[in-house]
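Below is start.cif, holding mmCIF, C-alpha atoms and all ligand atoms.
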```cif
data_target
loop_
_atom_site.group_PDB
_atom_site.id
_atom_site.type_symbol
_atom_site.label_atom_id
_atom_site.label_comp_id
_atom_site.auth_asym_id
_atom_site.auth_seq_id
_atom_site.Cartn_x
_atom_site.Cartn_y
_atom_site.Cartn_z
ATOM 1 C CA MET A 164 0.000 0.000 0.000
ATOM 2 C CA TYR A 165 1.108 3.544 -0.636
ATOM 3 C CA LYS A 166 1.671 6.588 1.500
ATOM 4 C CA VAL A 167 0.822 9.994 0.070
ATOM 5 C CA ASP A 168 2.233 13.246 1.398
ATOM 6 C CA VAL A 169 1.645 16.733 0.080
ATOM 7 C CA LEU A 170 5.142 18.283 0.129
ATOM 8 C CA PHE A 171 3.766 21.681 -0.795
ATOM 9 C CA PRO A 172 0.096 22.664 -1.052
ATOM 10 C CA GLY A 173 -0.449 24.956 -4.041
ATOM 11 C CA TYR A 174 -2.188 28.306 -3.919
ATOM 12 C CA ALA A 175 -3.641 30.920 -6.261
ATOM 13 C CA ARG A 176 -4.651 34.427 -5.262
ATOM 14 C CA LEU A 177 -4.877 37.927 -6.654
ATOM 15 C CA ASN A 178 -2.492 40.313 -4.926
ATOM 16 C CA SER A 179 -3.231 43.966 -4.168
ATOM 17 C CA GLU A 180 -1.592 45.070 -7.427
ATOM 18 C CA GLY A 181 -3.872 42.860 -9.452
ATOM 19 C CA PHE A 182 -1.272 40.186 -10.258
ATOM 20 C CA MET A 183 -2.119 36.533 -9.967
ATOM 21 C CA GLU A 184 0.156 34.773 -7.493
ATOM 22 C CA ALA A 185 0.083 31.006 -7.918
ATOM 23 C CA ASN A 186 2.088 27.875 -7.409
ATOM 24 C CA GLY A 187 1.114 24.267 -7.932
ATOM 25 C CA SER A 188 0.821 21.497 -5.351
ATOM 26 C CA CYS A 189 3.725 19.053 -5.095
ATOM 27 C CA THR A 190 3.075 15.518 -3.861
ATOM 28 C CA LEU A 191 5.190 12.530 -2.846
ATOM 29 C CA VAL A 192 3.878 8.972 -3.182
ATOM 30 C CA VAL A 193 5.920 6.204 -1.586
ATOM 31 C CA GLY A 194 5.326 2.472 -2.032
ATOM 32 C CA GLU A 195 7.452 -0.616 -1.612
ATOM 33 C CA ASN A 196 9.416 -0.262 -4.844
ATOM 34 C CA VAL A 197 8.266 3.083 -6.160
ATOM 35 C CA LYS A 198 8.714 6.681 -5.186
ATOM 36 C CA VAL A 199 6.781 9.182 -7.254
ATOM 37 C CA ILE A 200 6.859 12.963 -7.329
ATOM 38 C CA VAL A 201 3.787 14.618 -8.791
ATOM 39 C CA ASP A 202 4.375 18.155 -10.123
ATOM 40 C CA THR A 203 7.570 20.088 -9.471
ATOM 41 C CA LEU A 204 6.579 23.711 -8.716
ATOM 42 C CA THR A 205 8.269 26.643 -10.500
ATOM 43 C CA PRO A 206 11.962 26.829 -11.477
ATOM 44 C CA TRP A 207 12.543 29.119 -8.471
ATOM 45 C CA ASP A 208 11.554 26.394 -6.004
ATOM 46 C CA LYS A 209 14.522 24.038 -6.384
ATOM 47 C CA ASP A 210 15.850 24.610 -2.859
ATOM 48 C CA LEU A 211 12.365 24.333 -1.370
ATOM 49 C CA LEU A 212 11.798 21.018 -3.117
ATOM 50 C CA LEU A 213 15.181 19.640 -2.038
ATOM 51 C CA GLU A 214 14.454 20.701 1.567
ATOM 52 C CA LYS A 215 11.062 18.984 1.494
ATOM 53 C CA LEU A 216 12.576 15.756 0.165
ATOM 54 C CA LYS A 217 15.209 15.894 2.884
ATOM 55 C CA GLU A 218 12.444 15.907 5.503
ATOM 56 C CA TYR A 219 11.592 12.433 4.184
ATOM 57 C CA GLN A 220 15.277 11.380 4.063
ATOM 58 C CA LEU A 221 15.095 11.407 0.277
ATOM 59 C CA LYS A 222 17.333 12.698 -2.480
ATOM 60 C CA PRO A 223 16.088 13.426 -6.017
ATOM 61 C CA GLU A 224 17.939 10.276 -7.203
ATOM 62 C CA ASP A 225 15.639 8.146 -5.037
ATOM 63 C CA ILE A 226 12.592 9.104 -7.108
ATOM 64 C CA THR A 227 11.610 6.318 -9.529
ATOM 65 C CA HIS A 228 8.844 8.111 -11.450
ATOM 66 C CA LEU A 229 7.931 11.702 -12.130
ATOM 67 C CA VAL A 230 4.381 12.640 -13.045
ATOM 68 C CA CYS A 231 3.389 16.153 -14.121
ATOM 69 C CA THR A 232 -0.369 16.604 -14.258
ATOM 70 C CA HIS A 233 0.088 19.046 -17.167
ATOM 71 C CA GLY A 234 2.728 21.270 -18.710
ATOM 72 C CA HIS A 235 2.010 24.646 -17.109
ATOM 73 C CA PRO A 236 5.126 26.277 -15.603
ATOM 74 C CA ASP A 237 4.122 25.971 -11.937
ATOM 75 C CA HIS A 238 3.894 22.173 -12.350
ATOM 76 C CA VAL A 239 7.084 21.293 -14.263
ATOM 77 C CA GLY A 240 9.742 23.745 -12.998
ATOM 78 C CA ASN A 241 12.155 21.240 -11.463
ATOM 79 C CA ASN A 242 11.775 18.154 -13.621
ATOM 80 C CA ASN A 243 15.500 18.018 -14.269
ATOM 81 C CA LEU A 244 16.200 17.235 -10.605
ATOM 82 C CA PHE A 245 14.729 13.801 -11.323
ATOM 83 C CA THR A 246 16.821 12.461 -14.190
ATOM 84 C CA ALA A 247 17.485 9.233 -12.272
ATOM 85 C CA ALA A 248 13.794 8.347 -12.581
ATOM 86 C CA LYS A 249 12.839 5.474 -14.897
ATOM 87 C CA GLN A 250 10.219 7.592 -16.589
ATOM 88 C CA HIS A 251 8.771 11.052 -16.745
ATOM 89 C CA ILE A 252 5.054 11.239 -17.496
ATOM 90 C CA VAL A 253 4.244 14.851 -18.401
ATOM 91 C CA GLY A 254 0.609 15.115 -19.390
ATOM 92 C CA PHE A 255 0.100 12.542 -22.143
ATOM 93 C CA SER A 256 3.863 12.275 -22.830
ATOM 94 C CA VAL A 257 5.736 9.313 -21.380
ATOM 95 C CA HIS A 258 9.466 9.651 -21.858
ATOM 96 C CA HIS A 259 12.968 8.872 -20.685
ATOM 97 C CA LYS A 260 15.719 11.083 -22.095
ATOM 98 C CA ASP A 261 14.972 11.359 -25.819
ATOM 99 C CA GLN A 262 12.863 8.203 -25.940
ATOM 100 C CA PHE A 263 9.128 8.832 -26.124
ATOM 101 C CA TYR A 264 6.694 5.975 -25.589
ATOM 102 C CA LEU A 265 3.319 6.196 -27.241
ATOM 103 C CA HIS A 266 0.512 5.502 -24.838
ATOM 104 C CA PRO A 267 -3.154 5.855 -25.887
ATOM 105 C CA PHE A 268 -4.185 8.292 -23.150
ATOM 106 C CA ASP A 269 -6.338 9.963 -25.811
ATOM 107 C CA CYS A 270 -8.457 6.782 -25.993
ATOM 108 C CA GLY A 271 -9.038 7.009 -22.231
ATOM 109 C CA ASP A 272 -6.454 4.343 -21.349
ATOM 110 C CA SER A 273 -4.680 4.744 -18.033
ATOM 111 C CA TYR A 274 -1.001 3.991 -17.579
ATOM 112 C CA GLU A 275 -0.016 1.714 -14.739
ATOM 113 C CA LEU A 276 3.132 2.560 -12.773
ATOM 114 C CA ALA A 277 2.728 -0.320 -10.317
ATOM 115 C CA GLU A 278 -0.093 -2.281 -8.730
ATOM 116 C CA ASN A 279 -2.784 0.095 -7.426
ATOM 117 C CA LEU A 280 -0.947 3.099 -8.821
ATOM 118 C CA TYR A 281 -1.845 4.514 -12.216
ATOM 119 C CA VAL A 282 -1.951 7.656 -14.323
ATOM 120 C CA LEU A 283 -5.465 8.481 -15.522
ATOM 121 C CA PRO A 284 -6.183 10.816 -18.452
ATOM 122 C CA THR A 285 -8.323 13.700 -17.136
ATOM 123 C CA PRO A 286 -8.360 16.310 -19.930
ATOM 124 C CA GLY A 287 -10.102 19.660 -19.707
ATOM 125 C CA HIS A 288 -7.851 22.200 -17.962
ATOM 126 C CA THR A 289 -5.443 21.300 -20.760
ATOM 127 C CA MET A 290 -6.308 18.713 -23.373
ATOM 128 C CA ASP A 291 -3.541 16.410 -22.146
ATOM 129 C CA SER A 292 -4.006 16.744 -18.364
ATOM 130 C CA VAL A 293 -3.576 13.615 -16.243
ATOM 131 C CA SER A 294 -4.164 12.604 -12.624
ATOM 132 C CA LEU A 295 -2.366 10.033 -10.487
ATOM 133 C CA VAL A 296 -4.640 7.510 -8.764
ATOM 134 C CA VAL A 297 -3.233 5.888 -5.624
ATOM 135 C CA LYS A 298 -4.765 3.233 -3.410
ATOM 136 C CA THR A 299 -3.964 3.880 0.247
ATOM 137 C CA LEU A 300 -5.119 2.447 3.569
ATOM 138 C CA ASP A 301 -7.419 5.468 3.934
ATOM 139 C CA GLY A 302 -8.993 4.985 0.487
ATOM 140 C CA MET A 303 -8.370 6.216 -3.034
ATOM 141 C CA VAL A 304 -6.314 9.372 -3.343
ATOM 142 C CA VAL A 305 -6.358 11.212 -6.666
ATOM 143 C CA VAL A 306 -3.614 13.741 -7.309
ATOM 144 C CA ALA A 307 -5.647 15.733 -9.775
ATOM 145 C CA GLY A 308 -3.635 18.790 -10.806
ATOM 146 C CA ASP A 309 -5.791 21.633 -12.062
ATOM 147 C CA LEU A 310 -8.795 19.426 -12.772
ATOM 148 C CA PHE A 311 -9.693 20.794 -9.332
ATOM 149 C CA GLU A 312 -8.335 24.200 -8.359
ATOM 150 C CA ASN A 313 -9.122 23.793 -4.646
ATOM 151 C CA GLU A 314 -11.767 22.370 -2.317
ATOM 152 C CA GLN A 315 -13.980 25.463 -2.710
ATOM 153 C CA ASP A 316 -14.428 24.828 -6.421
ATOM 154 C CA LEU A 317 -16.691 21.860 -5.598
ATOM 155 C CA THR A 318 -19.453 24.341 -4.824
ATOM 156 C CA ASP A 319 -18.320 27.243 -7.024
ATOM 157 C CA ASP A 320 -17.682 26.316 -10.680
ATOM 158 C CA LYS A 321 -16.441 29.828 -11.362
ATOM 159 C CA ILE A 322 -13.194 29.026 -9.506
ATOM 160 C CA TRP A 323 -12.006 26.236 -11.825
ATOM 161 C CA ILE A 324 -13.435 27.846 -14.941
ATOM 162 C CA ASP A 325 -11.749 31.206 -14.245
ATOM 163 C CA ALA A 326 -8.478 29.356 -13.510
ATOM 164 C CA GLY A 327 -8.482 28.396 -17.191
ATOM 165 C CA THR A 328 -10.026 25.497 -19.058
ATOM 166 C CA GLU A 329 -9.390 24.392 -22.626
ATOM 167 C CA ASN A 330 -12.661 22.442 -22.697
ATOM 168 C CA GLU A 331 -15.207 23.249 -20.020
ATOM 169 C CA SER A 332 -17.709 20.450 -20.697
ATOM 170 C CA LEU A 333 -14.945 17.838 -20.932
ATOM 171 C CA GLN A 334 -13.415 19.069 -17.684
ATOM 172 C CA ARG A 335 -16.824 18.917 -15.996
ATOM 173 C CA GLU A 336 -17.210 15.313 -17.172
ATOM 174 C CA GLN A 337 -13.733 14.381 -15.927
ATOM 175 C CA ARG A 338 -14.379 16.045 -12.574
ATOM 176 C CA GLU A 339 -17.479 13.900 -12.124
ATOM 177 C CA LYS A 340 -15.490 10.789 -13.041
ATOM 178 C CA VAL A 341 -12.848 11.598 -10.422
ATOM 179 C CA LEU A 342 -15.398 12.507 -7.731
ATOM 180 C CA LYS A 343 -16.896 9.018 -8.139
ATOM 181 C CA LEU A 344 -13.506 7.361 -7.864
ATOM 182 C CA ALA A 345 -11.748 9.377 -5.168
ATOM 183 C CA ASP A 346 -12.016 9.436 -1.391
ATOM 184 C CA PHE A 347 -9.447 12.236 -1.232
ATOM 185 C CA ILE A 348 -8.390 14.760 -3.858
ATOM 186 C CA ILE A 349 -5.159 16.735 -4.005
ATOM 187 C CA PRO A 350 -6.086 19.751 -6.156
ATOM 188 C CA GLY A 351 -3.639 21.808 -8.212
ATOM 189 C CA HIS A 352 -3.795 24.919 -6.067
ATOM 190 C CA GLY A 353 -4.886 24.015 -2.556
ATOM 191 C CA PRO A 354 -4.517 21.447 0.231
ATOM 192 C CA MET A 355 -5.845 17.884 0.070
ATOM 193 C CA PHE A 356 -9.535 17.449 0.876
ATOM 194 C CA PRO A 357 -11.902 14.522 1.449
ATOM 195 C CA VAL A 358 -14.636 14.062 -1.161
ATOM 196 C CA PRO A 359 -17.947 14.688 0.622
ATOM 197 C CA THR A 360 -20.357 11.739 0.329
ATOM 198 C CA LYS A 361 -22.909 14.169 -1.106
ATOM 199 C CA PHE A 362 -20.759 14.670 -4.213
ATOM 200 C CA LYS A 363 -20.002 10.982 -4.607
ATOM 201 C CA THR A 364 -23.744 10.225 -4.621
ATOM 202 C CA GLU A 365 -24.592 13.127 -6.950
ATOM 203 C CA ALA A 366 -21.805 12.126 -9.283
ATOM 204 C CA GLY A 367 -23.024 8.551 -9.196
ATOM 205 C CA SER A 368 -26.652 9.335 -9.898
HETATM 206 ZN ZN ZN A 401 -2.452 24.771 -15.080
#
```
Have the structure of the file written as structure tokens, please.
Amino acid sequence: MYKVDVLFPGYARLNSEGFMEANGSCTLVVGENVKVIVDTLTPWDKDLLLEKLKEYQLKPEDITHLVCTHGHPDHVGNNNLFTAAKQHIVGFSVHHKDQFYLHPFDCGDSYELAENLYVLPTPGHTMDSVSLVVKTLDGMVVVAGDLFENEQDLTDDKIWIDAGTENESLQREQREKVLKLADFIIPGHGPMFPVPTKFKTEAGS
């Protein structure tokens, strides 16, 4: 079984000068033979990321897989810390060095990293967005990137729509799919939250 820790909860807010301040969430998933980092913040967060890994007695070389939920700059900034990983999965791209493996994410196929650990295509925010699905002792955790902006967007669609969506109806569909599947969601720009039963039932009806 896997252990999931949010190394850095993302945020997004308008500052007093009218600029958007945002950074993505960064998550560590540890299992028996796999260690996965999901999303790597901005290029200015290298030291922060190294510090966070150190808290778990980890070095970047210990990471076996890197998953980036999509290619926006606050989610991919430190990918090159993890060149010892077997694979990088960045949106729908699966690669190692200059070798790219074709995987039919666009047909809805997930990509298994290990037992009970897989990358699920969840397009909408960008057309090649993915989520990592992890089975834990507490239930299913979905590291969802910007499919969900934060917990508040469950009751206020404006939040995820204003955060940017390349296909609103597709994203809505994918959100419903993930709400059915997940017990906990790690959104792209906020702390982890439990999926309220209400939404699981609504999504299932
Ligand atoms: Zn994004």
Find, counting all atoms listed in the file, the residue in A:Glu339, A:Asp320, A:Asp202, A:Asp272 that gets nearest to Val253 of chain A.
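Of A:Glu339, A:Asp320, A:Asp202, A:Asp272, the one nearest Val253 of chain A is A:Asp202, counting all atoms listed in the file.
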Name the residues in contact with Leu216 of chain A at a cut-off of 12 Å, using only C-alpha atoms, excluding same-chain residues fewer than 4 positions from it; report them as number ranges by chain.
A: 168-171, 189-193, 198-200, 203, 209-212, 220-226, 244-245
Residue contacts of Asp346 of chain A (8 Å, all atoms listed in the file) excluding same-chain residues fewer than 2 positions away, as a PyMOL selection string:
chain A and resi 302-305+342+344+348+357-358
Which residues of chain A come within 10 Å of ligand ZN 401 (chain A), and for each one, what is the closest pair of atoms and their distance in Å to one decimal, counting all atoms listed in the file, sorted by chain and residue number, as a tab-separated table?
```
residue	atom	partner	partner_atom	distance
A:Ala185	CA	A:ZN401	ZN	9.8
A:Asn186	CA	A:ZN401	ZN	9.4
A:Gly187	CA	A:ZN401	ZN	8.0
A:Thr232	CA	A:ZN401	ZN	8.5
A:His233	CA	A:ZN401	ZN	6.6
A:Gly234	CA	A:ZN401	ZN	7.2
A:His235	CA	A:ZN401	ZN	4.9
A:Pro236	CA	A:ZN401	ZN	7.7
A:Asp237	CA	A:ZN401	ZN	7.4
A:His238	CA	A:ZN401	ZN	7.4
A:His288	CA	A:ZN401	ZN	6.6
A:Thr289	CA	A:ZN401	ZN	7.3
A:Ser292	CA	A:ZN401	ZN	8.8
A:Gly308	CA	A:ZN401	ZN	7.4
A:Asp309	CA	A:ZN401	ZN	5.5
A:Leu310	CA	A:ZN401	ZN	8.6
A:Glu312	CA	A:ZN401	ZN	9.0
A:Ala326	CA	A:ZN401	ZN	7.7
A:Gly327	CA	A:ZN401	ZN	7.3
A:Thr328	CA	A:ZN401	ZN	8.6
A:Gly351	CA	A:ZN401	ZN	7.6
A:His352	CA	A:ZN401	ZN	9.1
```
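Here atom CA of Lys166 of chain A and atom CA of Ile349 of chain A stand 13.4 Å from one another.
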If you measure from atom CA of Leu295 of chain A to atom CA of Gly194 of chain A, what distance in Å do you get, rounded to one decimal?
13.7 Å
What does the distance between atom CA of Pro267 of chain A and atom CA of Asn313 of chain A come to in Å, to one decimal place?
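So the answer is 28.4 Å.
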